[in-house]
$ cat target_32.cif   # mmCIF, C-alpha atoms
data_protein
loop_
_atom_site.label_atom_id
_atom_site.label_comp_id
_atom_site.auth_asym_id
_atom_site.auth_seq_id
_atom_site.Cartn_x
_atom_site.Cartn_y
_atom_site.Cartn_z
CA MET A 1 -8.40 52.97 25.37
CA MET A 2 -10.32 53.30 22.08
CA LYS A 3 -13.44 54.20 24.09
CA ALA A 4 -11.50 56.94 25.91
CA TYR A 5 -10.20 58.21 22.57
CA SER A 6 -13.81 58.28 21.25
CA LEU A 7 -14.85 60.30 24.31
CA PHE A 8 -11.94 62.69 23.66
CA LYS A 9 -13.04 63.03 20.02
CA LYS A 10 -16.59 63.81 21.16
CA ASP A 11 -15.25 66.45 23.60
CA TRP A 12 -12.92 67.96 21.02
CA GLN A 13 -15.64 68.21 18.37
CA SER A 14 -17.97 69.71 20.98
CA GLU A 15 -15.26 72.19 22.02
CA LEU A 16 -14.69 73.30 18.41
CA ARG A 17 -18.42 74.00 18.07
CA THR A 18 -19.12 75.63 21.43
CA ARG A 19 -15.67 77.20 22.11
CA TYR A 20 -16.45 76.59 25.76
CA ALA A 21 -12.82 76.48 26.98
CA ILE A 22 -10.73 77.67 24.02
CA ASN A 23 -12.19 81.18 23.96
CA ALA A 24 -11.85 81.61 27.72
CA LEU A 25 -8.25 80.41 27.60
CA ALA A 26 -7.25 82.51 24.58
CA MET A 27 -8.75 85.68 26.08
CA PHE A 28 -7.15 85.01 29.46
CA ILE A 29 -3.70 84.45 27.93
CA LEU A 30 -3.90 87.61 25.79
CA VAL A 31 -5.22 89.81 28.60
CA THR A 32 -2.70 88.55 31.18
CA ILE A 33 0.32 88.93 28.91
CA SER A 34 -0.89 92.39 27.81
CA VAL A 35 -1.28 93.50 31.45
CA ILE A 36 2.25 92.25 32.22
CA LEU A 37 3.66 94.10 29.18
CA PHE A 38 1.83 97.33 30.10
CA SER A 39 2.92 97.16 33.74
CA ILE A 40 6.58 96.55 32.82
CA GLY A 41 6.65 99.36 30.25
CA GLN A 42 10.25 100.23 29.34
CA GLU A 43 11.69 98.70 32.52
CA LYS A 44 14.15 95.87 32.14
CA ILE A 45 13.17 92.81 34.19
CA SER A 46 15.47 90.00 35.20
CA GLU A 47 15.55 86.64 33.43
CA TYR A 48 14.50 84.83 36.61
CA LEU A 49 11.47 87.10 37.03
CA THR A 50 10.39 86.47 33.41
CA GLY A 51 10.70 82.72 33.98
CA GLY A 52 8.56 83.10 37.10
CA LEU A 53 5.96 85.17 35.25
CA LEU A 54 5.69 82.43 32.61
CA TRP A 55 4.56 79.88 35.19
CA VAL A 56 2.26 82.41 36.90
CA VAL A 57 0.48 82.95 33.56
CA ILE A 58 0.35 79.19 32.95
CA PHE A 59 -1.04 78.52 36.46
CA PHE A 60 -3.84 81.11 36.20
CA SER A 61 -4.67 80.14 32.60
CA ALA A 62 -5.08 76.55 33.76
CA MET A 63 -7.41 77.85 36.48
CA SER A 64 -9.56 79.66 33.92
CA GLY A 65 -10.05 76.89 31.37
CA LEU A 66 -9.29 73.38 32.53
CA SER A 67 -12.22 72.92 34.89
CA ARG A 68 -14.51 72.94 31.85
CA ALA A 69 -13.90 69.27 31.04
CA PHE A 70 -16.38 68.20 33.73
CA VAL A 71 -18.19 71.45 34.54
CA SER A 72 -19.51 71.73 30.96
CA GLU A 73 -21.05 68.23 31.25
CA GLU A 74 -22.63 69.18 34.57
CA GLU A 75 -24.00 72.48 33.22
CA ARG A 76 -25.47 70.84 30.10
CA GLY A 77 -26.98 68.06 32.21
CA THR A 78 -25.13 65.35 30.26
CA THR A 79 -23.18 63.93 33.23
CA MET A 80 -25.70 61.15 33.83
CA THR A 81 -25.65 60.18 30.15
CA LEU A 82 -21.87 59.72 30.40
CA GLN A 83 -22.24 57.84 33.70
CA PHE A 84 -24.62 55.49 31.95
CA ILE A 85 -22.75 54.79 28.72
CA ALA A 86 -19.14 54.69 29.91
CA SER A 87 -17.14 53.19 32.74
CA PRO A 88 -15.42 55.64 35.14
CA SER A 89 -11.97 54.76 33.76
CA THR A 90 -13.13 55.53 30.18
CA VAL A 91 -14.48 58.90 31.31
CA PHE A 92 -11.34 59.81 33.26
CA ASN A 93 -9.02 58.76 30.43
CA GLY A 94 -11.08 60.64 27.83
CA LYS A 95 -11.18 63.82 29.89
CA LEU A 96 -7.47 63.48 30.69
CA ILE A 97 -6.56 63.24 26.98
CA PHE A 98 -8.73 66.34 26.35
CA ASN A 99 -7.02 68.31 29.14
CA LEU A 100 -3.56 67.14 28.01
CA VAL A 101 -4.20 68.44 24.48
CA LEU A 102 -5.59 71.70 25.85
CA VAL A 103 -2.69 72.18 28.32
CA PHE A 104 -0.05 71.52 25.68
CA LEU A 105 -1.69 73.86 23.14
CA MET A 106 -2.19 76.56 25.77
CA ASN A 107 1.32 76.33 27.21
CA ILE A 108 3.05 76.19 23.83
CA ALA A 109 1.15 79.37 22.87
CA ILE A 110 2.11 81.09 26.14
CA THR A 111 5.78 80.07 25.80
CA LEU A 112 5.91 81.23 22.17
CA LEU A 113 4.39 84.59 23.16
CA PHE A 114 7.01 84.93 25.95
CA ILE A 115 9.83 84.14 23.49
CA ILE A 116 8.52 86.77 21.04
CA LEU A 117 7.50 89.52 23.49
CA PHE A 118 9.99 89.26 26.36
CA GLU A 119 13.64 89.88 25.54
CA SER A 120 14.63 88.75 29.00
CA PHE A 121 13.13 85.28 28.50
CA ALA A 122 16.51 83.80 27.67
CA ILE A 123 16.75 80.04 28.14
CA LYS A 124 20.29 78.75 27.78
CA ASP A 125 19.58 75.02 28.06
CA TRP A 126 16.47 74.28 25.97
CA SER A 127 16.64 70.51 26.47
CA LEU A 128 16.24 70.91 30.25
CA PHE A 129 13.46 73.48 29.81
CA LEU A 130 11.55 71.30 27.33
CA PHE A 131 11.89 68.20 29.50
CA ALA A 132 10.59 70.11 32.54
CA PHE A 133 7.87 71.64 30.34
CA LEU A 134 6.75 68.16 29.21
CA LEU A 135 6.60 66.70 32.73
CA GLY A 136 5.05 69.91 34.10
CA ASN A 137 2.27 69.93 31.52
CA ILE A 138 1.41 66.31 32.28
CA GLY A 139 1.25 67.16 35.99
CA ILE A 140 -0.97 70.20 35.37
CA ALA A 141 -3.32 68.19 33.12
CA VAL A 142 -3.67 65.26 35.56
CA SER A 143 -4.20 67.51 38.61
CA SER A 144 -6.66 69.77 36.76
CA THR A 145 -8.68 66.79 35.55
CA ILE A 146 -9.23 65.25 38.99
CA ILE A 147 -9.86 68.66 40.62
CA ALA A 148 -12.37 69.48 37.86
CA ALA A 149 -14.17 66.20 38.56
CA ILE A 150 -14.36 67.05 42.28
CA ILE A 151 -15.59 70.62 41.85
CA SER A 152 -18.15 69.72 39.16
CA LYS A 153 -20.20 68.11 41.96
CA ALA A 154 -20.04 71.25 44.12
CA SER A 155 -22.38 74.24 43.95
CA ALA A 156 -19.65 76.94 44.11
CA LYS A 157 -17.68 75.67 41.12
CA GLY A 158 -16.01 78.95 40.08
CA THR A 159 -14.42 79.78 43.43
CA LEU A 160 -13.64 76.25 44.53
CA TYR A 161 -11.40 75.40 41.56
CA PRO A 162 -8.53 77.84 42.30
CA VAL A 163 -8.88 77.23 46.05
CA LEU A 164 -8.47 73.46 45.62
CA SER A 165 -5.89 73.75 42.85
CA PHE A 166 -3.51 76.07 44.70
CA PRO A 167 -2.25 73.61 47.37
CA ILE A 168 -2.23 70.71 44.89
CA LEU A 169 -0.38 72.53 42.12
CA LEU A 170 1.98 74.49 44.42
CA PRO A 171 4.71 71.80 44.70
CA LEU A 172 4.57 71.33 40.93
CA ILE A 173 4.82 75.04 40.14
CA LEU A 174 7.66 75.58 42.67
CA THR A 175 9.66 72.72 41.11
CA LEU A 176 8.99 74.08 37.61
CA LEU A 177 10.17 77.54 38.71
CA GLU A 178 13.39 76.02 40.03
CA LEU A 179 13.98 74.05 36.82
CA THR A 180 13.26 77.11 34.64
CA LYS A 181 15.87 79.00 36.72
CA PHE A 182 18.36 76.18 36.10
CA ALA A 183 17.58 76.25 32.35
CA ILE A 184 18.16 80.03 32.31
CA ASP A 185 21.49 79.50 34.11
CA GLY A 186 22.50 76.94 31.46
CA GLU A 187 22.49 73.87 33.73
CA THR A 188 21.92 70.56 31.97
CA ILE A 189 19.46 67.70 32.54
CA SER A 190 22.11 65.68 34.40
CA ASP A 191 22.67 68.64 36.78
CA SER A 192 18.94 68.77 37.61
CA LEU A 193 18.08 65.11 38.13
CA VAL A 194 16.74 65.61 41.67
CA GLU A 195 14.20 68.26 40.59
CA LEU A 196 13.23 66.21 37.51
CA ALA A 197 12.74 63.16 39.74
CA VAL A 198 10.44 65.24 41.99
CA LEU A 199 8.46 66.30 38.91
CA PHE A 200 8.23 62.74 37.60
CA SER A 201 7.17 61.44 41.04
CA TYR A 202 4.52 64.16 41.28
CA ASP A 203 3.03 63.05 37.94
CA ILE A 204 2.99 59.38 38.95
CA ILE A 205 1.49 60.09 42.40
CA MET A 206 -1.21 62.36 40.97
CA LEU A 207 -2.05 59.85 38.24
CA THR A 208 -2.30 56.95 40.70
CA ALA A 209 -4.32 58.95 43.23
CA SER A 210 -6.64 60.15 40.47
CA TYR A 211 -7.39 56.62 39.24
CA LEU A 212 -8.03 55.47 42.83
CA LEU A 213 -10.28 58.44 43.63
CA PHE A 214 -12.21 58.88 40.42
CA ASP A 215 -14.65 55.97 40.89
CA PHE A 216 -15.82 57.49 44.19
CA ILE A 217 -16.11 61.00 42.77
CA TRP A 218 -17.87 59.97 39.56
CA LYS A 219 -20.41 57.53 41.01
CA ASP A 220 -22.74 59.06 43.62
CA MET B 1 -36.10 34.92 23.75
CA ASN B 2 -32.79 35.46 25.56
CA ASN B 3 -31.70 34.12 28.96
CA TYR B 4 -31.49 37.52 30.59
CA SER B 5 -32.96 38.14 34.04
CA LEU B 6 -32.79 40.88 36.65
CA LYS B 7 -32.91 40.21 40.39
CA LEU B 8 -33.39 42.84 43.07
CA ASP B 9 -32.27 41.45 46.40
CA LYS B 10 -33.41 43.50 49.42
CA VAL B 11 -32.61 46.77 47.63
CA THR B 12 -32.78 49.74 50.00
CA LYS B 13 -32.02 53.40 49.33
CA ILE B 14 -31.53 56.08 51.96
CA PHE B 15 -30.67 59.71 51.09
CA GLY B 16 -29.24 61.32 54.22
CA ARG B 17 -31.81 60.40 56.89
CA ARG B 18 -34.68 59.89 54.44
CA LEU B 19 -35.64 56.35 53.59
CA ILE B 20 -36.71 56.21 49.94
CA PHE B 21 -37.59 52.50 49.82
CA ASN B 22 -36.74 49.47 51.90
CA GLU B 23 -35.82 45.91 50.93
CA ILE B 24 -37.33 45.60 47.47
CA ASP B 25 -37.15 41.95 46.37
CA PHE B 26 -38.21 41.28 42.82
CA GLU B 27 -37.28 39.32 39.72
CA PHE B 28 -37.74 40.49 36.14
CA TYR B 29 -37.72 38.33 33.01
CA PRO B 30 -37.91 38.96 29.26
CA GLY B 31 -41.23 38.83 27.46
CA LYS B 32 -43.07 40.87 30.06
CA ILE B 33 -43.69 44.56 30.80
CA TYR B 34 -43.23 45.58 34.45
CA GLY B 35 -44.37 48.85 36.01
CA LEU B 36 -42.86 50.94 38.80
CA ALA B 37 -45.66 53.06 40.20
CA GLY B 38 -45.92 55.58 43.01
CA GLN B 39 -46.50 59.21 43.81
CA ASN B 40 -44.02 61.95 42.95
CA GLY B 41 -40.91 61.52 45.08
CA SER B 42 -41.70 57.90 45.92
CA GLY B 43 -38.42 56.72 44.37
CA LYS B 44 -39.37 55.46 40.90
CA SER B 45 -36.55 57.33 39.17
CA THR B 46 -34.12 56.45 41.97
CA LEU B 47 -34.89 52.75 41.53
CA SER B 48 -34.49 53.14 37.74
CA LYS B 49 -31.06 54.74 38.25
CA ILE B 50 -30.07 51.93 40.64
CA ILE B 51 -31.17 49.27 38.13
CA SER B 52 -29.21 51.04 35.37
CA GLY B 53 -26.08 51.11 37.55
CA ILE B 54 -25.83 54.90 37.60
CA ILE B 55 -26.19 55.01 41.39
CA SER B 56 -25.67 52.31 44.02
CA PRO B 57 -28.23 51.07 46.52
CA THR B 58 -27.54 51.82 50.20
CA LYS B 59 -28.14 48.14 50.98
CA GLY B 60 -28.97 45.10 48.91
CA LYS B 61 -27.92 43.85 45.50
CA VAL B 62 -28.99 44.34 41.90
CA ASN B 63 -27.94 41.37 39.77
CA HIS B 64 -28.26 41.45 35.99
CA MET B 65 -27.86 37.84 34.84
CA LEU B 66 -27.25 36.32 31.44
CA ASP B 67 -27.17 32.52 31.16
CA ASN B 68 -27.11 32.41 35.00
CA LYS B 69 -23.92 34.47 35.12
CA ILE B 70 -23.81 37.94 36.69
CA ILE B 71 -23.08 40.68 34.15
CA PRO B 72 -20.25 42.89 35.49
CA SER B 73 -21.19 46.51 36.23
CA GLU B 74 -18.85 47.93 33.54
CA LYS B 75 -20.79 45.98 30.88
CA LEU B 76 -24.26 47.10 32.02
CA HIS B 77 -24.53 49.92 29.49
CA ASP B 78 -24.25 47.34 26.71
CA ILE B 79 -27.33 45.40 27.85
CA ILE B 80 -29.60 48.20 29.07
CA GLY B 81 -31.52 50.72 26.99
CA PHE B 82 -32.52 53.60 29.22
CA VAL B 83 -34.97 56.42 28.50
CA SER B 84 -35.06 58.98 31.28
CA PRO B 85 -35.60 62.73 31.75
CA TYR B 86 -32.15 62.70 33.42
CA LEU B 87 -30.38 61.42 30.32
CA VAL B 88 -29.67 64.48 28.20
CA LEU B 89 -28.20 64.33 24.69
CA TYR B 90 -25.73 66.83 23.22
CA ASP B 91 -27.42 69.89 21.70
CA GLU B 92 -24.33 70.91 19.70
CA PHE B 93 -24.35 67.66 17.68
CA THR B 94 -26.81 66.45 15.08
CA ALA B 95 -29.09 63.56 15.97
CA GLU B 96 -26.93 61.13 13.98
CA GLU B 97 -23.67 62.49 15.41
CA ASN B 98 -25.05 61.91 18.91
CA LEU B 99 -25.74 58.26 18.08
CA VAL B 100 -22.34 57.77 16.41
CA HIS B 101 -20.51 59.24 19.43
CA PHE B 102 -22.52 57.16 21.90
CA ALA B 103 -21.89 53.95 19.93
CA LYS B 104 -18.14 54.60 19.80
CA ILE B 105 -17.89 55.56 23.49
CA ARG B 106 -19.76 52.33 24.27
CA GLY B 107 -17.16 50.50 22.19
CA ALA B 108 -19.74 49.35 19.65
CA VAL B 109 -19.91 49.74 15.89
CA TYR B 110 -22.47 52.31 14.69
CA ASN B 111 -25.10 50.36 12.77
CA GLU B 112 -26.28 52.88 10.17
CA THR B 113 -28.98 50.61 8.70
CA GLN B 114 -30.51 49.97 12.12
CA ALA B 115 -30.23 53.69 12.99
CA ASP B 116 -31.97 54.72 9.76
CA LYS B 117 -34.76 52.24 10.47
CA LEU B 118 -35.23 53.71 13.95
CA PHE B 119 -35.08 57.29 12.60
CA GLY B 120 -37.86 56.24 10.22
CA ASP B 121 -39.90 54.52 12.97
CA PHE B 122 -39.81 57.65 15.11
CA ASN B 123 -40.46 60.07 12.22
CA LEU B 124 -37.05 61.71 12.55
CA PHE B 125 -35.37 60.52 9.34
CA ASP B 126 -35.65 63.90 7.59
CA ARG B 127 -34.20 65.67 10.61
CA LYS B 128 -31.34 63.28 11.45
CA ASN B 129 -28.71 65.72 10.18
CA ASP B 130 -30.11 68.69 12.11
CA LEU B 131 -28.50 69.90 15.33
CA LEU B 132 -30.34 68.66 18.39
CA LYS B 133 -30.74 72.23 19.66
CA THR B 134 -33.22 72.80 16.82
CA TYR B 135 -35.40 69.89 18.02
CA SER B 136 -38.63 70.34 20.01
CA SER B 137 -38.92 68.66 23.42
CA GLY B 138 -41.11 65.92 21.89
CA MET B 139 -38.54 65.23 19.17
CA LYS B 140 -35.78 65.06 21.80
CA GLN B 141 -37.88 62.53 23.72
CA ARG B 142 -38.22 60.42 20.55
CA MET B 143 -34.44 60.70 20.04
CA LYS B 144 -33.96 59.15 23.47
CA TYR B 145 -35.68 56.01 22.17
CA LEU B 146 -33.12 55.76 19.38
CA PHE B 147 -30.39 56.18 21.99
CA ALA B 148 -31.99 53.38 24.04
CA LEU B 149 -32.76 50.94 21.22
CA LEU B 150 -29.85 51.25 18.81
CA HIS B 151 -27.59 48.75 20.60
CA ASN B 152 -30.42 46.17 20.85
CA PRO B 153 -30.44 45.84 24.66
CA TYR B 154 -31.86 42.98 26.76
CA LEU B 155 -33.51 45.34 29.25
CA LEU B 156 -35.46 48.44 28.28
CA LEU B 157 -35.79 50.79 31.22
CA LEU B 158 -38.30 53.57 30.58
CA ASP B 159 -38.59 56.36 33.14
CA GLU B 160 -41.53 58.64 32.25
CA PRO B 161 -41.65 57.13 28.74
CA THR B 162 -44.24 59.46 27.24
CA SER B 163 -43.30 62.84 28.75
CA ASN B 164 -43.41 65.67 26.17
CA LEU B 165 -44.99 63.40 23.55
CA ASP B 166 -48.19 64.22 21.66
CA LYS B 167 -50.97 61.67 20.99
CA ALA B 168 -49.29 60.32 17.84
CA GLY B 169 -45.93 60.11 19.61
CA LYS B 170 -47.45 58.23 22.55
CA ASP B 171 -49.22 55.77 20.24
CA LYS B 172 -45.96 55.11 18.40
CA VAL B 173 -44.08 54.56 21.66
CA TYR B 174 -46.77 52.16 22.95
CA GLU B 175 -46.61 50.23 19.68
CA ILE B 176 -42.82 49.91 19.96
CA ILE B 177 -42.98 48.94 23.66
CA ARG B 178 -45.48 46.16 22.87
CA ASP B 179 -43.32 45.00 19.98
CA GLU B 180 -40.04 45.08 21.95
CA SER B 181 -41.63 43.29 24.93
CA LYS B 182 -41.86 40.10 22.85
CA SER B 183 -38.10 39.62 23.15
CA LYS B 184 -36.98 42.03 25.88
CA CYS B 185 -37.59 42.72 29.54
CA ILE B 186 -39.28 46.11 29.85
CA ILE B 187 -39.63 48.21 33.00
CA ILE B 188 -41.78 51.36 32.94
CA ALA B 189 -41.53 53.91 35.76
CA SER B 190 -44.46 56.24 35.45
CA ASN B 191 -47.47 57.94 37.01
CA GLU B 192 -49.44 57.99 33.76
CA SER B 193 -52.28 55.47 33.87
CA SER B 194 -52.04 54.96 30.09
CA ASP B 195 -48.35 53.97 30.46
CA LEU B 196 -49.09 51.58 33.32
CA GLU B 197 -51.95 49.94 31.39
CA LEU B 198 -49.27 48.27 29.24
CA CYS B 199 -47.76 46.51 32.26
CA GLY B 200 -48.39 42.89 33.17
CA GLU B 201 -47.14 43.40 36.72
CA ILE B 202 -46.77 46.58 38.79
CA ILE B 203 -44.54 47.30 41.79
CA GLN B 204 -46.03 49.94 44.11
CA ILE B 205 -42.93 51.63 45.54
CA GLU B 206 -44.91 52.98 48.53
CA ASN B 207 -45.37 49.38 49.72
CA TYR B 208 -41.62 49.23 50.44
CA LYS B 209 -41.31 51.99 53.05
#
$ encode --input "target_32.cif" --output "structure tokens"
Amino acid sequence: MMKAYSLFKKDWQSELRTRYAINALAMFILVTISVILFSIGQEKISEYLTGGLLWVVIFFSAMSGLSRAFVSEEERGTTMTLQFIASPSTVFNGKLIFNLVLVFLMNIAITLLFIILFESFAIKDWSLFLFAFLLGNIGIAVSSTIIAAIISKASAKGTLYPVLSFPILLPLILTLLELTKFAIDGETISDSLVELAVLFSYDIIMLTASYLLFDFIWKD
Amino acid sequence: MNNYSLKLDKVTKIFGRRLIFNEIDFEFYPGKIYGLAGQNGSGKSTLSKIISGIISPTKGKVNHMLDNKIIPSEKLHDIIGFVSPYLVLYDEFTAEENLVHFAKIRGAVYNETQADKLFGDFNLFDRKNDLLKTYSSGMKQRMKYLFALLHNPYLLLLDEPTSNLDKAGKDKVYEIIRDESKSKCIIIASNESSDLELCGEIIQIENYK
């Protein structure tokens, strides 16, 4: 695990110097939220719709930035260096930690902006929302990491990422939308155990499938 | 001298329908320099990548042995030093940062004394804190030797070892190859006659079609 952490540190230091993903993500978040604000104008939108818009912004932001973990290595030609010096599990774990940090930072920023800018973003049960948010972010990070690994080997990287991500992330986003609706309605964690179990199962399945698949994707 | 050896057992590689090489059988031992020769596209780099564990052979086995025990594939990077045009270092880091990151990702301790000695040997000591993007192609090639030698490997795998190097750079590399060959197994994949002159035994890849 220390090797994976070292790989994460290398990626993080590289990201701070190149701003490969952070700039793209920050610009995407600002532009998307601004477009939503301009298009709403003075209209009052429902709480459910605001909750839905939050996850739409999160989904498309993930599309714009999270593929970079592997694509940047492929574009710089450093993939083979990593294949040589680290085992596939070290690479996957390192990239997963990087995407987890990025997803959490990105989604906390988006949620804070929604709280500040949208009056109708009124969560009544924060514990349920935060629990769903935690499991949802893990799911997004795991799925994005394995999809990024797959598309980094393809020639049409830009278009393939959203195309592959949509069917894989759809069950996760639909469950998160449902749980956000429950949190807005004031339902508690114990009222939403089925949806939370679906979310938890999704994370476990994606994590297991990713570990099983990654060796085949990473090694030619 | 260590008890390392490398055995290629009927190693075959096919890309799609194209046979690159067929049933290469060979054994490599420390204390000797081996050459992989052949025209462009004959499969020298492919065989180097197979030996390094980066890609798998279509058929056959590559066994790295230490004290008659097979070294598991996840440990290969600890025992191989690889110089190749396909191994690219990180431009956004300094030369030393690259080596520190690689050592830590390998799970090894960064040996600063050994690194400084190698920086000195390859005339890069004064530039070790400069970003790699400011390096010339020849300096980057010399950096690859530091990357390959820092962890003191048993096998030194050199694919196009003198590309981008000037006369002085080549002479330095030849001196280090001769020196390292006293204790290590060295494999050179090259077309350059001056590189192959160092080798005690040469495998002609075209003979395995």
$ interface_residues --input "target_32.cif" --of "chain A" --to "chain B" --cutoff "7 Å" --atoms "all atoms listed in the file" --output "ChimeraX atom specification"
/A:3-4,6-7,10,14,17,77-78,80-81,83-87,219-220
$ write_last_selection --input "target_32.cif" --atoms "C-alpha atoms" --output "compact mmCIF listing (two decimals), in the coordinates of the input"
# COMPACT_ATOMS: atom_id res chain seq x y z
CA LYS A 3 -13.44 54.20 24.09
CA ALA A 4 -11.50 56.94 25.91
CA SER A 6 -13.81 58.28 21.25
CA LEU A 7 -14.85 60.30 24.31
CA LYS A 10 -16.59 63.81 21.16
CA SER A 14 -17.97 69.71 20.98
CA ARG A 17 -18.42 74.00 18.07
CA GLY A 77 -26.98 68.06 32.21
CA THR A 78 -25.13 65.35 30.26
CA MET A 80 -25.70 61.15 33.83
CA THR A 81 -25.65 60.18 30.15
CA GLN A 83 -22.24 57.84 33.70
CA PHE A 84 -24.62 55.49 31.95
CA ILE A 85 -22.75 54.79 28.72
CA ALA A 86 -19.14 54.69 29.91
CA SER A 87 -17.14 53.19 32.74
CA LYS A 219 -20.41 57.53 41.01
CA ASP A 220 -22.74 59.06 43.62
$ closest_residue --input "target_32.cif" --among "B:Ser136, B:Thr94, B:Ser5, B:Asn152" --to "Phe26 of chain B" --atoms "all atoms listed in the file"
B:Ser5
$ closest_residue --input "target_32.cif" --among "A:Ala149, A:Ala132, A:Val56, A:Val198" --to "Pro171 of chain A" --atoms "all atoms listed in the file"
A:Val198
$ resolve_selection --input "target_32.cif" --expression "the PyMOL selection byres ((chain A and resi 179-187) around 10)" --output "VMD selection string"
chain A and resid 47 to 52 54 to 55 120 to 133 173 to 178 188 to 193 195 to 196 199
$ write_last_selection --input "target_32.cif" --atoms "C-alpha atoms" --output "PDB file, in the frame of the given file"
ATOM      1  CA  GLU A  47      15.550  86.640  33.430  1.00  0.00           C
ATOM      2  CA  TYR A  48      14.500  84.830  36.610  1.00  0.00           C
ATOM      3  CA  LEU A  49      11.470  87.100  37.030  1.00  0.00           C
ATOM      4  CA  THR A  50      10.390  86.470  33.410  1.00  0.00           C
ATOM      5  CA  GLY A  51      10.700  82.720  33.980  1.00  0.00           C
ATOM      6  CA  GLY A  52       8.560  83.100  37.100  1.00  0.00           C
ATOM      7  CA  LEU A  54       5.690  82.430  32.610  1.00  0.00           C
ATOM      8  CA  TRP A  55       4.560  79.880  35.190  1.00  0.00           C
ATOM      9  CA  SER A 120      14.630  88.750  29.000  1.00  0.00           C
ATOM     10  CA  PHE A 121      13.130  85.280  28.500  1.00  0.00           C
ATOM     11  CA  ALA A 122      16.510  83.800  27.670  1.00  0.00           C
ATOM     12  CA  ILE A 123      16.750  80.040  28.140  1.00  0.00           C
ATOM     13  CA  LYS A 124      20.290  78.750  27.780  1.00  0.00           C
ATOM     14  CA  ASP A 125      19.580  75.020  28.060  1.00  0.00           C
ATOM     15  CA  TRP A 126      16.470  74.280  25.970  1.00  0.00           C
ATOM     16  CA  SER A 127      16.640  70.510  26.470  1.00  0.00           C
ATOM     17  CA  LEU A 128      16.240  70.910  30.250  1.00  0.00           C
ATOM     18  CA  PHE A 129      13.460  73.480  29.810  1.00  0.00           C
ATOM     19  CA  LEU A 130      11.550  71.300  27.330  1.00  0.00           C
ATOM     20  CA  PHE A 131      11.890  68.200  29.500  1.00  0.00           C
ATOM     21  CA  ALA A 132      10.590  70.110  32.540  1.00  0.00           C
ATOM     22  CA  PHE A 133       7.870  71.640  30.340  1.00  0.00           C
ATOM     23  CA  ILE A 173       4.820  75.040  40.140  1.00  0.00           C
ATOM     24  CA  LEU A 174       7.660  75.580  42.670  1.00  0.00           C
ATOM     25  CA  THR A 175       9.660  72.720  41.110  1.00  0.00           C
ATOM     26  CA  LEU A 176       8.990  74.080  37.610  1.00  0.00           C
ATOM     27  CA  LEU A 177      10.170  77.540  38.710  1.00  0.00           C
ATOM     28  CA  GLU A 178      13.390  76.020  40.030  1.00  0.00           C
ATOM     29  CA  THR A 188      21.920  70.560  31.970  1.00  0.00           C
ATOM     30  CA  ILE A 189      19.460  67.700  32.540  1.00  0.00           C
ATOM     31  CA  SER A 190      22.110  65.680  34.400  1.00  0.00           C
ATOM     32  CA  ASP A 191      22.670  68.640  36.780  1.00  0.00           C
ATOM     33  CA  SER A 192      18.940  68.770  37.610  1.00  0.00           C
ATOM     34  CA  LEU A 193      18.080  65.110  38.130  1.00  0.00           C
ATOM     35  CA  GLU A 195      14.200  68.260  40.590  1.00  0.00           C
ATOM     36  CA  LEU A 196      13.230  66.210  37.510  1.00  0.00           C
ATOM     37  CA  LEU A 199       8.460  66.300  38.910  1.00  0.00           C
TER      38      LEU A 199
END
$ residues_near_point --input "target_32.cif" --point "(-36.7, 54.1, 15.2)" --cutoff "12 Å" --atoms "all atoms listed in the file" --output "ChimeraX atom specification"
/B:112-125,128,139,142-152,169,172-173,175-177,180
$ closest_residue --input "target_32.cif" --among "A:Phe92, A:Phe28, A:Tyr20, A:Phe60" --to "Leu207 of chain A" --atoms "all atoms listed in the file"
A:Phe92
$ atom_distance --input "target_32.cif" --atom1 "atom CA of Val57 of chain A" --atom2 "atom CA of Leu170 of chain A"
13.8 Å
$ resolve_selection --input "target_32.cif" --expression "the PyMOL selection byres ((chain A and resi 99) around 8)" --output "mmCIF file with C-alpha atoms, in the coordinates of the input"
data_model
loop_
_atom_site.group_PDB
_atom_site.id
_atom_site.type_symbol
_atom_site.label_atom_id
_atom_site.label_comp_id
_atom_site.auth_asym_id
_atom_site.auth_seq_id
_atom_site.Cartn_x
_atom_site.Cartn_y
_atom_site.Cartn_z
ATOM 1 C CA LEU A 66 -9.290 73.380 32.530
ATOM 2 C CA ALA A 69 -13.900 69.270 31.040
ATOM 3 C CA LYS A 95 -11.180 63.820 29.890
ATOM 4 C CA LEU A 96 -7.470 63.480 30.690
ATOM 5 C CA ILE A 97 -6.560 63.240 26.980
ATOM 6 C CA PHE A 98 -8.730 66.340 26.350
ATOM 7 C CA LEU A 100 -3.560 67.140 28.010
ATOM 8 C CA VAL A 101 -4.200 68.440 24.480
ATOM 9 C CA LEU A 102 -5.590 71.700 25.850
ATOM 10 C CA VAL A 103 -2.690 72.180 28.320
ATOM 11 C CA ALA A 141 -3.320 68.190 33.120
ATOM 12 C CA VAL A 142 -3.670 65.260 35.560
ATOM 13 C CA SER A 144 -6.660 69.770 36.760
ATOM 14 C CA THR A 145 -8.680 66.790 35.550
#
$ decode --input "target_32.cif" --residues "segment 62-72 of chain B" --atoms "C-alpha atoms" --output "JSON list (two decimals), in the first residue's frame"
[["chain", "number", "residue", "atom", "x", "y", "z"],
["B", 62, "VAL", "CA", 10.79, -16.37, -19.66],
["B", 63, "ASN", "CA", 12.29, -17.47, -16.35],
["B", 64, "HIS", "CA", 14.41, -15.11, -14.27],
["B", 65, "MET", "CA", 16.16, -17.30, -11.69],
["B", 66, "LEU", "CA", 18.04, -16.47, -8.52],
["B", 67, "ASP", "CA", 19.67, -19.32, -6.60],
["B", 68, "ASN", "CA", 17.74, -21.73, -8.87],
["B", 69, "LYS", "CA", 14.40, -20.25, -7.79],
["B", 70, "ILE", "CA", 12.11, -18.44, -10.24],
["B", 71, "ILE", "CA", 11.72, -14.74, -9.43],
["B", 72, "PRO", "CA", 7.99, -13.85, -9.40]]
